[in-house]
Amino acid sequence: MTCPVCRGNDFTELGEKNNFPLVLCRGCTQRFVHPMPSAQVIDDYYAKYWINTKNIRNGDKKIRKLKSILAPVLRRAPGKTFLDIGCNTGFGVEAARRLGHEATGIDLSAEAIEIAERLYPRNTFIAGTAQDFAQRGRQYDAVLCREVIEHMPEVHSFVAALKTLMKVGGVLWLTTPDAGHFRVPKDFPSWKEVIPPEHVSFFNIDSLRRLLGEYGIEILHKTLLWKPSLRVLARRVS
């Protein structure tokens, strides 16, 4: 198995977590589970994935917060179509709709999609993967991808789907745990974000820029944060 980002094979062992070995790629500094969990392990895990119903009770508060986050992003979009990849129970989608966008959300969890459809029926919600959805040929002016990419055992097909789903000139707001942050423990497996098989790939700004750039998606801005979280605004340039 090669590095999920640069496809190199020169690794430093970092230890293990939940019986999953972790390594650092010396070529691009990406950290990841090696070898990646099998498709069966992933499927079994997400079959039992917990939907946080507490968030549903706090829906209006979360929508207000997401509106404040999305408003400056959507102002840079070339049009009014919006897609939330990994939309969960639909807060980001509803926030975009209230900001005047035609809003769609996709999520792997059919349960989450059923809840989103019930709560926010004025939007479009679809259960499935980004890779499958990209085959429909629809493209969007703005894409939201919050805390999703770290779950992906195969990131190239995921980012290829992202590109396909974005119009040229479209914008992307992507967040993921920041493995390069100064507050990440030196004992990497002890970091609270290292929770395989849920999180399996751990980005820093350099490895994320390298991966997105391979698919014509350019990072425009990184938000500086005290917490170890990567939040980037990007644009599809080709």
# chains A, B, ... in the order shown; residues from 1 in each chain; ligands from 1
$ residues_around --residues "Asn19 of chain A" --least-positions-apart "4" --cutoff "12 Å" --atoms "only C-alpha atoms" --output "ChimeraX atom specification"
/A:15,33-37,189,194-197
$ residues_around --residues "Leu233 of chain A" --least-positions-apart "2" --cutoff "8 Å" --atoms "only C-alpha atoms" --output "PyMOL selection string"
chain A and resi 73+171-174+219-222+231+235
$ residues_around --residues "Phe182 of chain A" --least-positions-apart "3" --cutoff "12 Å" --atoms "only C-alpha atoms" --output "tab-separated table (two decimals) with N, CA and C atoms, in the first residue's frame"
chain	number	residue	atom	x	y	z
A	178	ASP	N	-6.50	19.14	11.97
A	178	ASP	CA	-5.20	19.61	11.49
A	178	ASP	C	-4.07	18.85	12.18
A	179	ALA	N	-3.54	17.84	11.49
A	179	ALA	CA	-2.46	17.03	12.07
A	179	ALA	C	-1.15	17.79	12.17
A	185	PRO	N	-0.55	16.36	20.02
A	185	PRO	CA	0.46	15.73	20.89
A	185	PRO	C	1.59	15.10	20.10
A	186	LYS	N	2.80	15.14	20.69
A	186	LYS	CA	3.94	14.46	20.07
A	186	LYS	C	3.66	12.96	19.95
A	188	PHE	N	1.43	10.95	18.68
A	188	PHE	CA	0.33	11.17	17.75
A	188	PHE	C	-0.89	10.29	18.02
A	191	TRP	N	-3.72	11.64	20.27
A	191	TRP	CA	-4.57	12.76	19.86
A	191	TRP	C	-6.02	12.30	19.78
A	204	ASN	N	-2.37	17.83	7.05
A	204	ASN	CA	-1.87	19.15	7.43
A	204	ASN	C	-2.07	20.05	6.21
A	224	LEU	N	-6.74	30.77	10.68
A	224	LEU	CA	-5.85	30.48	11.80
A	224	LEU	C	-6.68	30.23	13.05
A	225	LEU	N	-6.44	29.11	13.70
A	225	LEU	CA	-7.25	28.70	14.82
A	225	LEU	C	-6.39	28.22	15.98
A	226	TRP	N	-6.88	28.42	17.22
A	226	TRP	CA	-6.20	27.89	18.39
A	226	TRP	C	-6.39	26.38	18.48
A	227	LYS	N	-7.55	25.89	18.08
A	227	LYS	CA	-7.80	24.45	18.11
A	227	LYS	C	-7.19	23.82	16.85
A	228	PRO	N	-6.78	22.55	16.93
A	228	PRO	CA	-6.14	21.90	15.78
A	228	PRO	C	-7.16	21.48	14.72
A	229	SER	N	-7.63	22.46	13.97
A	229	SER	CA	-8.61	22.22	12.92
A	229	SER	C	-8.18	22.99	11.67
$ atom_distance --atom1 "atom CA of Glu102 of chain A" --atom2 "atom CA of Leu83 of chain A"
8.7 Å
$ atom_distance --atom1 "atom CA of Pro121 of chain A" --atom2 "atom CA of Ile63 of chain A"
15.0 Å
$ residues_around --residues "segment 25-30 of chain A" --least-positions-apart "5" --cutoff "12 Å" --atoms "only C-alpha atoms" --output "PyMOL selection string"
chain A and resi 1-14+150+155+178-180+200-211
$ closest_residue --among "A:Asp44, A:Asp84, A:Glu114, A:Glu214" --to "Thr129 of chain A" --atoms "only C-alpha atoms"
A:Asp84
$ select_by_dssp --residues "chain A" --states "strand (DSSP E or B)" --output "PyMOL selection string"
chain A and resi 11-17+20-25+31-33+81-85+102-107+124-127+140-146+166-178+201-203+217-222+229-236
$ select_by_dssp --residues "segment 20-197 of chain A" --states "helix (DSSP H, G or I)" --output "VMD selection string"
chain A and resid 39 to 47 53 to 57 59 to 74 91 to 98 110 to 119 130 to 134 149 to 151 155 to 165 188 to 190
$ atom_distance --atom1 "atom CA of Ala103 of chain A" --atom2 "atom CA of Tyr120 of chain A"
10.6 Å
$ closest_residue --among "A:Leu22, A:Ile85, A:Ala95, A:Leu165" --to "Ser190 of chain A" --atoms "only C-alpha atoms"
A:Leu22
$ decode --residues "segment 36-88 of chain A" --atoms "C-alpha atoms" --output "short mmCIF file (atom, residue, chain, number, x, y, z; two decimals), in the first residue's frame"
data_model
loop_
_atom_site.label_atom_id
_atom_site.label_comp_id
_atom_site.auth_asym_id
_atom_site.auth_seq_id
_atom_site.Cartn_x
_atom_site.Cartn_y
_atom_site.Cartn_z
CA MET A 36 -6.26 0.99 5.66
CA PRO A 37 -9.29 -0.83 7.11
CA SER A 38 -10.98 -3.22 4.71
CA ALA A 39 -14.22 -2.24 3.00
CA GLN A 40 -16.03 -4.73 5.24
CA VAL A 41 -14.64 -3.15 8.42
CA ILE A 42 -15.71 0.30 7.19
CA ASP A 43 -19.18 -0.90 6.20
CA ASP A 44 -19.68 -2.65 9.54
CA TYR A 45 -18.62 0.45 11.45
CA TYR A 46 -20.93 2.86 9.61
CA ALA A 47 -23.84 0.45 9.81
CA LYS A 48 -23.80 1.27 13.54
CA TYR A 49 -22.83 4.94 13.19
CA TRP A 50 -24.58 7.07 15.77
CA ILE A 51 -26.71 10.03 14.69
CA ASN A 52 -26.42 12.82 17.25
CA THR A 53 -30.07 13.58 17.98
CA LYS A 54 -29.03 16.22 20.53
CA ASN A 55 -27.90 18.37 17.59
CA ILE A 56 -31.41 18.19 16.16
CA ARG A 57 -32.78 19.89 19.28
CA ASN A 58 -30.19 22.64 18.80
CA GLY A 59 -30.96 22.98 15.10
CA ASP A 60 -31.86 26.67 14.96
CA LYS A 61 -28.72 27.63 16.87
CA LYS A 62 -26.54 25.54 14.57
CA ILE A 63 -28.18 27.00 11.48
CA ARG A 64 -27.54 30.55 12.69
CA LYS A 65 -23.89 29.70 13.30
CA LEU A 66 -23.53 28.06 9.88
CA LYS A 67 -25.15 31.04 8.20
CA SER A 68 -22.46 33.30 9.65
CA ILE A 69 -19.75 30.89 8.45
CA LEU A 70 -21.21 30.35 4.99
CA ALA A 71 -22.23 33.93 4.14
CA PRO A 72 -18.71 35.16 3.21
CA VAL A 73 -17.99 31.90 1.38
CA LEU A 74 -21.16 32.07 -0.70
CA ARG A 75 -20.48 35.69 -1.63
CA ARG A 76 -17.43 34.42 -3.53
CA ALA A 77 -19.40 31.77 -5.43
CA PRO A 78 -20.21 32.44 -9.09
CA GLY A 79 -23.87 31.48 -8.69
CA LYS A 80 -26.59 30.27 -6.36
CA THR A 81 -26.35 26.47 -6.30
CA PHE A 82 -25.01 24.82 -3.15
CA LEU A 83 -24.02 21.27 -2.16
CA ASP A 84 -23.20 19.95 1.31
CA ILE A 85 -21.19 16.70 1.16
CA GLY A 86 -21.67 14.79 4.40
CA CYS A 87 -24.70 16.91 5.30
CA ASN A 88 -25.76 14.76 8.26
#
